[in-house]
Every structure is written in structure tokens, then in C-alpha cells.
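Okay, target-v4.cif now, which holds mmCIF, C-alpha atoms:
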```cif
data_coords
loop_
_atom_site.group_PDB
_atom_site.id
_atom_site.type_symbol
_atom_site.label_atom_id
_atom_site.label_comp_id
_atom_site.auth_asym_id
_atom_site.auth_seq_id
_atom_site.Cartn_x
_atom_site.Cartn_y
_atom_site.Cartn_z
ATOM 1 C CA MET A 1 57.497 -123.262 29.299
ATOM 2 C CA ASN A 2 55.006 -122.019 26.739
ATOM 3 C CA ILE A 3 53.729 -124.849 24.525
ATOM 4 C CA ASN A 4 54.339 -122.697 21.453
ATOM 5 C CA ILE A 5 57.996 -122.226 22.386
ATOM 6 C CA CYS A 6 58.280 -126.028 22.494
ATOM 7 C CA HIS A 7 56.973 -126.209 18.926
ATOM 8 C CA PHE A 8 59.488 -123.619 17.842
ATOM 9 C CA ARG A 9 62.417 -125.610 19.157
ATOM 10 C CA ASN A 10 62.186 -126.916 15.586
ATOM 11 C CA LEU A 11 62.760 -123.453 14.128
ATOM 12 C CA PRO A 12 65.093 -123.929 11.152
ATOM 13 C CA GLN A 13 68.664 -123.943 12.406
ATOM 14 C CA TRP A 14 69.632 -121.211 9.959
ATOM 15 C CA SER A 15 72.307 -118.734 11.026
ATOM 16 C CA ALA A 16 69.985 -115.783 10.300
ATOM 17 C CA PHE A 17 67.682 -116.988 13.097
ATOM 18 C CA HIS A 18 70.175 -118.219 15.696
ATOM 19 C CA ILE A 19 73.158 -116.744 17.491
ATOM 20 C CA ASP A 20 75.132 -119.852 18.428
ATOM 21 C CA SER A 21 73.661 -123.160 17.351
ATOM 22 C CA PHE A 22 72.972 -123.365 13.621
ATOM 23 C CA ASP A 23 73.541 -125.504 10.535
ATOM 24 C CA PRO A 24 75.773 -123.640 8.035
ATOM 25 C CA GLN A 25 74.380 -125.772 5.183
ATOM 26 C CA ILE A 26 70.810 -124.406 5.429
ATOM 27 C CA GLN A 27 70.009 -121.934 2.669
ATOM 28 C CA PRO A 28 67.585 -118.985 3.058
ATOM 29 C CA VAL A 29 64.853 -120.445 0.838
ATOM 30 C CA GLU A 30 65.005 -123.775 2.675
ATOM 31 C CA ALA A 31 64.821 -122.027 6.053
ATOM 32 C CA LEU A 32 61.786 -119.949 5.036
ATOM 33 C CA GLU A 33 60.022 -123.018 3.648
ATOM 34 C CA GLN A 34 60.718 -124.945 6.875
ATOM 35 C CA LEU A 35 59.426 -122.042 8.947
ATOM 36 C CA ASP A 36 56.248 -121.812 6.879
ATOM 37 C CA CYS A 37 55.666 -125.574 7.268
ATOM 38 C CA LEU A 38 56.222 -125.281 11.013
ATOM 39 C CA VAL A 39 53.738 -122.406 11.363
ATOM 40 C CA GLN A 40 51.191 -124.156 9.150
ATOM 41 C CA GLY A 41 51.628 -127.343 11.161
ATOM 42 C CA ILE A 42 50.836 -125.707 14.485
ATOM 43 C CA SER A 43 48.204 -123.317 13.172
ATOM 44 C CA ALA A 44 45.890 -125.913 11.668
ATOM 45 C CA VAL A 45 44.354 -129.131 12.876
ATOM 46 C CA TRP A 46 43.317 -131.953 10.546
ATOM 47 C CA THR A 47 40.544 -134.304 11.527
ATOM 48 C CA ILE A 48 39.381 -137.478 9.858
ATOM 49 C CA ASN A 49 36.269 -139.534 10.435
ATOM 50 C CA ASP A 50 35.385 -143.147 9.666
ATOM 51 C CA THR A 51 34.591 -142.347 6.036
ATOM 52 C CA ARG A 52 38.062 -140.893 5.448
ATOM 53 C CA TYR A 53 36.629 -137.412 5.125
ATOM 54 C CA GLN A 54 39.300 -134.878 6.045
ATOM 55 C CA HIS A 55 38.647 -131.462 7.443
ATOM 56 C CA ARG A 56 41.137 -128.725 8.258
ATOM 57 C CA PHE A 57 40.470 -126.328 11.136
ATOM 58 C CA LYS A 58 42.483 -123.126 11.005
ATOM 59 C CA VAL A 59 43.723 -121.727 14.315
ATOM 60 C CA ASP A 60 44.114 -117.956 14.679
ATOM 61 C CA TYR A 61 47.773 -116.830 14.940
ATOM 62 C CA ASP A 62 46.843 -114.437 17.750
ATOM 63 C CA LYS A 63 45.411 -117.270 19.835
ATOM 64 C CA LEU A 64 48.652 -119.171 19.375
ATOM 65 C CA SER A 65 50.676 -116.193 20.634
ATOM 66 C CA LEU A 66 53.041 -116.553 17.691
ATOM 67 C CA SER A 67 53.959 -112.916 18.057
ATOM 68 C CA GLU A 68 55.376 -113.536 21.527
ATOM 69 C CA VAL A 69 57.155 -116.695 20.400
ATOM 70 C CA PHE A 70 58.825 -114.968 17.461
ATOM 71 C CA LYS A 71 59.873 -112.032 19.656
ATOM 72 C CA GLU A 72 61.346 -114.312 22.302
ATOM 73 C CA ILE A 73 63.306 -116.319 19.758
ATOM 74 C CA LEU A 74 64.344 -113.676 17.210
ATOM 75 C CA MET A 75 64.885 -110.443 19.190
ATOM 76 C CA PRO A 76 68.146 -111.743 20.731
ATOM 77 C CA LYS A 77 69.419 -112.356 17.185
ATOM 78 C CA LEU A 78 68.482 -108.797 16.178
ATOM 79 C CA GLU A 79 70.306 -107.430 19.221
ATOM 80 C CA ALA A 80 73.369 -109.521 18.312
ATOM 81 C CA ASN A 81 73.109 -108.210 14.732
ATOM 82 C CA LEU A 82 73.084 -104.626 16.017
ATOM 83 C CA THR A 83 76.213 -105.353 18.063
ATOM 84 C CA VAL A 84 78.029 -106.644 14.964
ATOM 85 C CA LEU A 85 76.956 -103.618 12.915
ATOM 86 C CA GLY A 86 78.198 -101.282 15.659
ATOM 87 C CA SER A 87 81.494 -103.099 16.057
ATOM 88 C CA GLN A 88 84.787 -102.203 14.426
ATOM 89 C CA THR A 89 84.902 -105.427 12.423
ATOM 90 C CA LYS A 90 86.097 -104.925 8.862
ATOM 91 C CA ASP A 91 84.695 -108.250 7.652
ATOM 92 C CA ALA A 92 82.233 -107.325 4.901
ATOM 93 C CA LYS A 93 80.671 -110.809 4.901
ATOM 94 C CA ASP A 94 79.810 -110.523 8.617
ATOM 95 C CA LYS A 95 78.137 -107.155 8.138
ATOM 96 C CA VAL A 96 76.201 -108.352 5.091
ATOM 97 C CA HIS A 97 75.109 -111.508 6.906
ATOM 98 C CA VAL A 98 73.632 -109.548 9.821
ATOM 99 C CA VAL A 99 71.813 -107.126 7.508
ATOM 100 C CA LEU A 100 70.363 -110.032 5.505
ATOM 101 C CA SER A 101 69.467 -111.791 8.752
ATOM 102 C CA SER A 102 67.663 -108.645 9.878
ATOM 103 C CA VAL A 103 65.815 -108.383 6.551
ATOM 104 C CA ILE A 104 64.601 -111.972 6.899
ATOM 105 C CA ILE A 105 63.582 -111.393 10.536
ATOM 106 C CA THR A 106 61.657 -108.300 9.366
ATOM 107 C CA TYR A 107 59.972 -110.530 6.789
ATOM 108 C CA VAL A 108 58.996 -113.049 9.494
ATOM 109 C CA PHE A 109 57.753 -110.339 11.870
ATOM 110 C CA THR A 110 55.656 -108.751 9.108
ATOM 111 C CA LYS A 111 54.294 -111.971 7.638
ATOM 112 C CA TYR A 112 53.189 -113.291 11.035
ATOM 113 C CA HIS A 113 51.957 -109.924 12.402
ATOM 114 C CA VAL A 114 54.492 -109.563 15.218
ATOM 115 C CA ASN A 115 54.040 -106.327 17.170
ATOM 116 C CA LEU A 116 57.066 -104.877 18.903
ATOM 117 C CA LYS A 117 57.724 -102.110 21.397
ATOM 118 C CA CYS A 118 59.044 -98.826 19.991
ATOM 119 C CA GLU A 119 62.601 -99.500 21.129
ATOM 120 C CA GLN A 120 62.464 -102.929 19.468
ATOM 121 C CA TYR A 121 61.307 -101.328 16.213
ATOM 122 C CA GLU A 122 64.224 -98.898 16.490
ATOM 123 C CA THR A 123 66.624 -101.833 16.915
ATOM 124 C CA LEU A 124 65.074 -103.494 13.882
ATOM 125 C CA LEU A 125 65.507 -100.390 11.723
ATOM 126 C CA LYS A 126 69.122 -99.911 12.836
ATOM 127 C CA CYS A 127 69.829 -103.514 11.836
ATOM 128 C CA LEU A 128 68.581 -102.860 8.313
ATOM 129 C CA LYS A 129 71.139 -100.131 7.665
ATOM 130 C CA LEU A 130 73.862 -101.268 5.305
ATOM 131 C CA PRO A 131 77.204 -99.719 6.295
ATOM 132 C CA PRO A 132 78.453 -97.167 3.721
ATOM 133 C CA ASP A 133 81.440 -99.209 2.608
ATOM 134 C CA LYS A 134 82.246 -100.207 -0.980
ATOM 135 C CA GLU A 135 83.329 -103.744 -0.024
ATOM 136 C CA VAL A 136 80.205 -104.291 2.102
ATOM 137 C CA CYS A 137 77.923 -103.015 -0.687
ATOM 138 C CA SER A 138 79.645 -105.237 -3.246
ATOM 139 C CA GLU A 139 79.307 -108.263 -0.961
ATOM 140 C CA PHE A 140 75.652 -107.373 -0.341
ATOM 141 C CA MET A 141 74.920 -107.344 -4.083
ATOM 142 C CA LYS A 142 76.622 -110.742 -4.495
ATOM 143 C CA SER A 143 74.490 -112.148 -1.670
ATOM 144 C CA ILE A 144 71.267 -110.705 -3.081
ATOM 145 C CA ASN A 145 72.037 -112.210 -6.495
ATOM 146 C CA GLU A 146 72.145 -115.677 -4.889
ATOM 147 C CA PHE A 147 68.428 -115.456 -4.027
ATOM 148 C CA ASP A 148 65.795 -116.841 -6.371
ATOM 149 C CA ASP A 149 63.984 -113.942 -8.098
ATOM 150 C CA ASN A 150 60.528 -115.139 -6.990
ATOM 151 C CA ILE A 151 61.622 -115.421 -3.367
ATOM 152 C CA LEU A 152 63.374 -112.070 -3.559
ATOM 153 C CA ARG A 153 60.212 -110.362 -4.884
ATOM 154 C CA GLN A 154 58.111 -111.963 -2.154
ATOM 155 C CA VAL A 155 60.538 -110.990 0.620
ATOM 156 C CA TYR A 156 60.936 -107.492 -0.834
ATOM 157 C CA GLY A 157 57.179 -106.866 -0.915
ATOM 158 C CA VAL A 158 56.596 -108.076 2.634
ATOM 159 C CA VAL A 159 59.644 -106.252 4.056
ATOM 160 C CA ILE A 160 58.723 -102.928 2.408
ATOM 161 C CA SER A 161 55.210 -103.290 3.815
ATOM 162 C CA GLY A 162 56.659 -104.051 7.250
ATOM 163 C CA ILE A 163 59.060 -101.105 7.207
ATOM 164 C CA SER A 164 56.236 -98.756 6.164
ATOM 165 C CA ARG A 165 54.202 -100.052 9.093
ATOM 166 C CA VAL A 166 57.141 -99.511 11.475
ATOM 167 C CA PHE A 167 57.506 -95.906 10.344
ATOM 168 C CA GLU A 168 53.773 -95.319 10.880
ATOM 169 C CA ILE A 169 53.970 -96.775 14.395
ATOM 170 C CA LEU A 170 57.095 -94.819 15.332
ATOM 171 C CA ASN A 171 55.631 -91.622 13.887
ATOM 172 C CA LYS A 172 52.464 -92.035 15.979
ATOM 173 C CA GLU A 173 54.551 -92.752 19.075
ATOM 174 C CA TYR A 174 56.793 -89.754 18.401
ATOM 175 C CA CYS A 175 53.791 -87.472 17.840
ATOM 176 C CA TYR A 176 52.187 -88.798 21.028
ATOM 177 C CA HIS A 177 55.326 -88.010 23.070
ATOM 178 C CA ILE A 178 55.576 -84.502 21.603
ATOM 179 C CA SER A 179 51.878 -83.901 22.289
ATOM 180 C CA SER A 180 52.212 -85.191 25.858
ATOM 181 C CA HIS A 181 55.294 -83.043 26.435
ATOM 182 C CA ASP A 182 53.547 -79.920 25.058
ATOM 183 C CA ASN A 183 50.468 -80.564 27.221
ATOM 184 C CA ALA A 184 52.633 -80.955 30.318
ATOM 185 C CA ARG A 185 54.377 -77.640 29.569
ATOM 186 C CA HIS A 186 51.074 -75.782 29.271
ATOM 187 C CA ASP A 187 49.794 -77.078 32.622
#
```
As C-alpha cells, how would this structure be written, given the file I've shared?
Amino acid sequence: MNINICHFRNLPQWSAFHIDSFDPQIQPVEALEQLDCLVQGISAVWTINDTRYQHRFKVDYDKLSLSEVFKEILMPKLEANLTVLGSQTKDAKDKVHVVLSSVIITYVFTKYHVNLKCEQYETLLKCLKLPPDKEVCSEFMKSINEFDDNILRQVYGVVISGISRVFEILNKEYCYHISSHDNARHD
């Protein structure tokens, strides 16, 4: 087992990150703070010498393979979210929860520079689509209003940046496939 996966066994047990085993008492802000502490804890090393001089060595996220760890842990949750959104469930709270979960996962993927395959980006985008239902939209607004404004602004900025990046990547991939298809036709 990857050493980084072992570290992430301590991923906050928030329902937005996990499918089965989670603590219903954990709030979004608490979960994001715990995640940040976990990442900071494994991405930096503190040393101390005899004179009590402390020094912090920063470790590159890429060398830690955080991208792979986050994908392995959070992609199953995104796939489960997509299943709920595609289901016939009428429970507005369930649909809102999976959209909010997907927003937070997008935040994590963007903040920690997680690169996905095109089909994974497509899954991510599908999970961000709020169903066109008055009850779901009303429940979504209630949920959003529970977030602290500072946290909401931070998440919003990072998620918008991440979604823009996803569209750029998918556009390049789409253009590449069209170009490849056109070149094959002309041969």
C-alpha cells in the first residue's frame, strides 16, 4: 500500500468525502480545516537542533503523489454522487448533498492540483449540475446559507478556477479528437 494512502486513512470522516463510513457531526468547515492540516502535516518536515532552532522543509505535492491519493479516495465518491443524481429519488436533501459534496471535491482537486482523465472530468462536471427542481433549488440555497461567508468566497474562487481549467482541458481534448478524425479521413 502506498505510504501516502496510509496517511490519508485520517481523511476527515465527512460524508462529502466518504460513501459508507462517516461521522454525521462533522461540518464542512471543520472537514476542510482537518484536510488542510493533514496535507500540511505530510507535506512539510520540521527539524530541530541542539540549540532549539527549528527549520521547516517543504515537500513538493507532486513528489508526494497527492494527486493519485486524492483520485483513489475521492473518485468513488464522485461516481456514487453521479448515481444519486441520475436516480429517481425525490429527496431534495440527498440531491443537494451530492452536489455540495461534488463542489467540495472539485475544491480539493483544484487546490491540490489533481489531474484527471477526460472521462473523470466529465463525471465531475455532471456531478456539479443541480437538478432543475424547485424543492432542490430551495434546499440548495438553505445549505449554501449555512456556510461561513469567508469560506464560501474561498471555495467559490477555487471551484470557479477549477471548472474553467476543466473546460480548457476538455476543449483541447475535443479539438484533438476532431483534428485526429479529420486527418484520418483525409488519408
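You will find CA of Glu33 in chain A at 26.8 Å from CA of Val84 in chain A.
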> Quick one: residues within 12 Å of Ile169 in chain A, only C-alpha atoms counted, chain neighbours fewer than 6 positions away excluded, as number ranges by chain?
Replying inline: A: 115-122, 162-163, 175-176
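Excluding Lys111 in chain A itself and any same-chain residue fewer than 4 positions from it, the protein and nucleic acid residues within 9 Å of it, counting only C-alpha atoms, are Thr106, Tyr107, Val158, Val159 and Gly162 of chain A.
Coordinates place CA of Phe70 in chain A at a distance of 21.7 Å from CA of Leu152 in chain A.
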> Which residue gives the smallest distance to Asp91 in chain A among A:Asp133, A:Tyr112, A:Asn150, A:Ile144, with only C-alpha atoms counted?
Replying inline: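 So, comparing all the options, the nearest one is A:Asp133.
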> For the file shown, what are the residues hit by the PyMOL selection byres ((chain A and resi 83) around 12), laid out as a PyMOL selection string?
Replying inline: chain A and resi 19+76-82+84-89+94-95+98-99+123+126-127
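Checking A:Val69, A:Val96, A:Val103, A:Leu35 one by one against Lys142 in chain A, counting all atoms listed in the file, you find the shortest gap at A:Val96.
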